[in-house]
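Undergrad: Before I ask anything, let me first share the structure, which is written out below as structure tokens.
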Amino acid sequence: MCGIVGYVGRQSAAPILFEGLQHLEYRGYDSAGIAVLDRDGALAVLKREGKLRDLEASLTEMPRGSAGIGHTRWATHGPPSERNAHPHTSAAGEVIVVQNGIVENYRELRAELEPGLAASGRSWQSDTDTEVIPELIARALADGLSFRDALAQAVGRLRGANAVAAVYRREPGRIYAARQGSAGGIIVGFGEDEMFLASDLPALLRHTTSVYHLEDGDIAEIDADGVLVSRGGAPSFAPQPTQVNLDPVAVARGPYRHFMLKEIHEQPRALSDTIRGRARLSPPRALPADLTFSELALRNIERVLVIGMGTSLHAAMIGRWWIEQIAGIPADFDNASEFRFRAPLLGPSTLVVSVTQSGETIDTLGAISHVRERWDAPQLTITNVEGSEATRQADASIVLRCGPEIGVASTKTFVGSLAALYLLACRLGHAQGRLSDAELSGRLEDLLTAPSLVERGLQLSDRCASVMRQFTAASNFLVLGRGIEYPLAMEAALKCKEISYVHAEGYAAGEMKHGPIALLDDGFPVIALAPRGPLFDKMMSAIQQVRARAAPVIAVGDAGDAELDELVDHFIGVPPTSALLTPFSLSPVIQLLAYHIALARGLDIDQPRNLAKTVTVE
Ligand code: F6R
């Protein structure tokens, strides 16, 4: 949700913190701030409402100091403003804190701390939940605790998932960090006579690939020479760094105008990387290494439940379709945030599959623990982030290998998740004897065409741009699909909403006549996903009904489909493929349609308003 950075070393901290924040701006971008301590403990704090560029202008005013922390915010408590921007400081000005997460019991803590504050003639300086943290630390310091113990005690009093970084004016050569629950993670980076801290790897890669991921409950005490971690009551230890295998180029925008566009174009490679080694043709085998369940366990699965949120939920819906069609196993999908508060009937023969590109989405993690606490059901997670919380909580993982996704709108991780779900359906079908070797081979050969389907879809970018330019002023879109294209219609509508701010609804085409049709007139464009397949004729009927209300139709169908082309106002022809593979041929086009309307409207595509890449708050 928010991004945290930290630095301690010999260099001037402010520019390093700022550069780190630039790589985390995808996590939050409504305000930002930096605090730096010099050798004598003199403190400088700079905060600005708005994007990082608003902070940059004042960066030169920051004094040189070789330890500091920084933050880019996605507002939860209190509107975006300089007053609510982090860092937050204790009333006496000694303790400085940045936080990612939510202090769920902040009202109680404020009430407890208020009399003390009032007695010293002070009051709260912000509307945030964060501000209780420096105050709690200051109280514990006043009770005689060391800073590390005071931080541990303060964090121990917070309810919710939180990552915290702090500096203390009496210890100017040190920064501290704490992780409680899953709040999007916090990583320590190891340099030569300098150390770094960040919520995510892209902020570290320019400096180091040697890292340590803090675990739940860890308190880290960091100076220029290294880090000491304390966990529970055990003695502190110096953790061994691990090496990350990520190229800084992977997190650079390169020649592309937006990260989203770069990531849309990376999809053929990302898909190939997801599939690599997982679609073995002879002897045929899907996912030979990732599913750590026994063959017996796979044979005994009687039902599959696929859960996720947003784009990952749409992938889950398509996964359900494949699991039913390819594996012949009863399957359902569910929205993780709803599922976790229901009492569905699961058991040891239900496989629960969570889809989460970040592996840190709180609703999905909540659903994973809901399953673990109540049922003895096996759990598989599909994620792009190795070592993420979802991989720690589930019994087995499929890591997508799509490379970092920086654009807030998920694109390449969507098609990566699709490939993983397709492979899962193949593996389950084969394990349960519903797919013969030859059938499995055929399904896998089909999947191997997916990268080229996507590649050919990307060549339609100019066509998508020229169509969408004609709808720049539209305030609404209805997106229709049937069968496996219905979740894609929902995904297309979600993409339009999030990056173009156009109201769009994804509907099952058969449902249109049960209500939404009342909206249609000549100013209400409809996007119809209509490749040739078992439900094509029904899609054609729905399109006729739309045409009869004079609504303009943009159809995405099989290239060369003259009948469809003639019927609609705008036709975009994707490479024809088998009925089960249309999610791969259509995905790049639905993403490009949304991208180009946002571009024509001049919007901030990589940082749409109100959104954040990793949703670690409820
Ligand atoms: C849409 C988008 C979000 C995410 C959702 C789940 O483009 O990115 O809807 O799909 O927040 O995130 P993950 O997949 O990280 O669980």
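Chain labels follow the order of the structure tokens: the first chain is A, the next B, and so on; residue numbering restarts at 1 in every chain, and ligands are counted from 1 in their shown order.
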Identify, on the basis of only C-alpha atoms, every residue whose closest approach to Arg157 of chain A does not exceed 9 Å; exclude the query and any residue fewer than 5 positions from it along the same chain; express the result as JSON, numbers by chain.
TA: {"A": [105, 109, 136, 152]}
Undergrad: Taking a cut-off of 7 Å and counting only C-alpha atoms and all ligand atoms, can you build a table that, for each residue of chain A near ligand 1, reports the nearest atom pair and how far apart they are in Å (one decimal), sorted by chain then residue number, as JSON lines?
TA:
{"residue": "A:Gly308", "atom": "CA", "partner": "ligand 1", "partner_atom_place_in_ligand_line": "16 (O)", "distance": 6.2}
{"residue": "A:Met309", "atom": "CA", "partner": "ligand 1", "partner_atom_place_in_ligand_line": "6 (C)", "distance": 4.5}
{"residue": "A:Gly310", "atom": "CA", "partner": "ligand 1", "partner_atom_place_in_ligand_line": "9 (O)", "distance": 3.3}
{"residue": "A:Thr311", "atom": "CA", "partner": "ligand 1", "partner_atom_place_in_ligand_line": "10 (O)", "distance": 3.7}
{"residue": "A:Ser312", "atom": "CA", "partner": "ligand 1", "partner_atom_place_in_ligand_line": "10 (O)", "distance": 4.7}
{"residue": "A:Val355", "atom": "CA", "partner": "ligand 1", "partner_atom_place_in_ligand_line": "14 (O)", "distance": 6.3}
{"residue": "A:Thr356", "atom": "CA", "partner": "ligand 1", "partner_atom_place_in_ligand_line": "16 (O)", "distance": 3.4}
{"residue": "A:Gln357", "atom": "CA", "partner": "ligand 1", "partner_atom_place_in_ligand_line": "14 (O)", "distance": 3.8}
{"residue": "A:Ser358", "atom": "CA", "partner": "ligand 1", "partner_atom_place_in_ligand_line": "15 (O)", "distance": 3.7}
{"residue": "A:Gly359", "atom": "CA", "partner": "ligand 1", "partner_atom_place_in_ligand_line": "15 (O)", "distance": 5.7}
{"residue": "A:Glu360", "atom": "CA", "partner": "ligand 1", "partner_atom_place_in_ligand_line": "15 (O)", "distance": 6.2}
{"residue": "A:Thr361", "atom": "CA", "partner": "ligand 1", "partner_atom_place_in_ligand_line": "16 (O)", "distance": 4.6}
{"residue": "A:Thr364", "atom": "CA", "partner": "ligand 1", "partner_atom_place_in_ligand_line": "16 (O)", "distance": 6.4}
{"residue": "A:Val408", "atom": "CA", "partner": "ligand 1", "partner_atom_place_in_ligand_line": "8 (O)", "distance": 5.8}
{"residue": "A:Ala409", "atom": "CA", "partner": "ligand 1", "partner_atom_place_in_ligand_line": "7 (O)", "distance": 3.4}
{"residue": "A:Ser410", "atom": "CA", "partner": "ligand 1", "partner_atom_place_in_ligand_line": "7 (O)", "distance": 3.9}
{"residue": "A:Thr411", "atom": "CA", "partner": "ligand 1", "partner_atom_place_in_ligand_line": "7 (O)", "distance": 6.8}
{"residue": "A:Leu494", "atom": "CA", "partner": "ligand 1", "partner_atom_place_in_ligand_line": "1 (C)", "distance": 6.9}
{"residue": "A:Lys495", "atom": "CA", "partner": "ligand 1", "partner_atom_place_in_ligand_line": "7 (O)", "distance": 6.1}
{"residue": "A:Lys613", "atom": "CA", "partner": "ligand 1", "partner_atom_place_in_ligand_line": "8 (O)", "distance": 6.2}
{"residue": "A:Thr614", "atom": "CA", "partner": "ligand 1", "partner_atom_place_in_ligand_line": "15 (O)", "distance": 5.6}
{"residue": "A:Val615", "atom": "CA", "partner": "ligand 1", "partner_atom_place_in_ligand_line": "11 (O)", "distance": 5.8}
Undergrad: Create the file for the chosen residues now, containing C-alpha atoms and written as a PDB file, in the first residue's frame.
TA:
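File result.pdb, as written:
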ATOM      1  CA  GLY A 308      -8.595 -14.100  -5.762  1.00  0.00           C
ATOM      2  CA  MET A 309      -9.357 -10.394  -5.986  1.00  0.00           C
ATOM      3  CA  GLY A 310      -9.690  -7.989  -8.901  1.00  0.00           C
ATOM      4  CA  THR A 311      -7.784  -9.159 -11.953  1.00  0.00           C
ATOM      5  CA  SER A 312      -6.698 -12.285 -10.090  1.00  0.00           C
ATOM      6  CA  VAL A 355      -4.361 -16.441  -7.266  1.00  0.00           C
ATOM      7  CA  THR A 356      -2.446 -13.337  -6.183  1.00  0.00           C
ATOM      8  CA  GLN A 357       0.271 -11.730  -8.288  1.00  0.00           C
ATOM      9  CA  SER A 358       1.754  -9.895  -5.279  1.00  0.00           C
ATOM     10  CA  GLY A 359       1.263 -12.745  -2.824  1.00  0.00           C
ATOM     11  CA  GLU A 360       0.507 -10.050  -0.241  1.00  0.00           C
ATOM     12  CA  THR A 361      -3.139  -9.054  -0.839  1.00  0.00           C
ATOM     13  CA  THR A 364      -6.514 -13.278  -0.196  1.00  0.00           C
ATOM     14  CA  VAL A 408      -0.564  -0.567 -11.109  1.00  0.00           C
ATOM     15  CA  ALA A 409      -2.874  -2.371 -13.533  1.00  0.00           C
ATOM     16  CA  SER A 410      -2.023  -6.070 -13.692  1.00  0.00           C
ATOM     17  CA  THR A 411      -1.350  -7.272 -17.230  1.00  0.00           C
ATOM     18  CA  LEU A 494     -12.039  -3.374 -14.730  1.00  0.00           C
ATOM     19  CA  LYS A 495      -9.106  -2.151 -16.817  1.00  0.00           C
ATOM     20  CA  LYS A 613      -0.295  -1.989  -6.591  1.00  0.00           C
ATOM     21  CA  THR A 614      -0.319  -4.139  -3.496  1.00  0.00           C
ATOM     22  CA  VAL A 615      -3.414  -3.966  -1.343  1.00  0.00           C
TER      23      VAL A 615
END
Undergrad: With distances taken over only C-alpha atoms, which residue among A:Leu440, A:Ile175, A:Ala234, A:Ile102 lies nearest Gly6 of chain A?
TA: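 Nearest to Gly6 of chain A: A:Ile175.
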Undergrad: So that I can check the surroundings of Glu324 of chain A, please list as a PyMOL selection string every protein, DNA and RNA residue that reaches within 12 Å of it, counting only C-alpha atoms and ignoring chain neighbours fewer than 2 positions away.
TA: chain A and resi 302-306+317-322+326-333+421-422+424-426+428-429+434+484+580
Undergrad: Can you measure atom CA of Tyr501 of chain A to atom CA of Asp606 of chain A for me? One decimal in Å is fine.
TA: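 Those two atoms sit 13.0 Å apart.
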Undergrad: Residues near Glu192 of chain A, anyone? I mean within 9 Å using only C-alpha atoms, not counting same-chain ones fewer than 4 positions away, as a compact mmCIF listing (two decimals) with N, CA, C and O atoms, in the first residue's frame.
TA:
# COMPACT_ATOMS: atom_id res chain seq x y z
N GLY A 9 24.75 4.94 6.15
CA GLY A 9 26.07 4.68 5.53
C GLY A 9 26.92 5.93 5.55
O GLY A 9 26.80 6.75 6.47
N ALA A 224 25.77 1.10 9.57
CA ALA A 224 26.47 1.02 8.29
C ALA A 224 27.19 -0.31 8.11
O ALA A 224 27.50 -0.73 6.99
N ASP A 225 27.46 -1.02 9.20
CA ASP A 225 28.23 -2.26 9.10
C ASP A 225 27.39 -3.52 9.00
O ASP A 225 27.91 -4.60 8.78
Undergrad: As an MDAnalysis selection string, list the residues of segment 123-194 of chain A assigned to helix (DSSP H, G or I) by DSSP on the backbone atoms of this structure.
TA: chainID A and resid 132:142 147:156
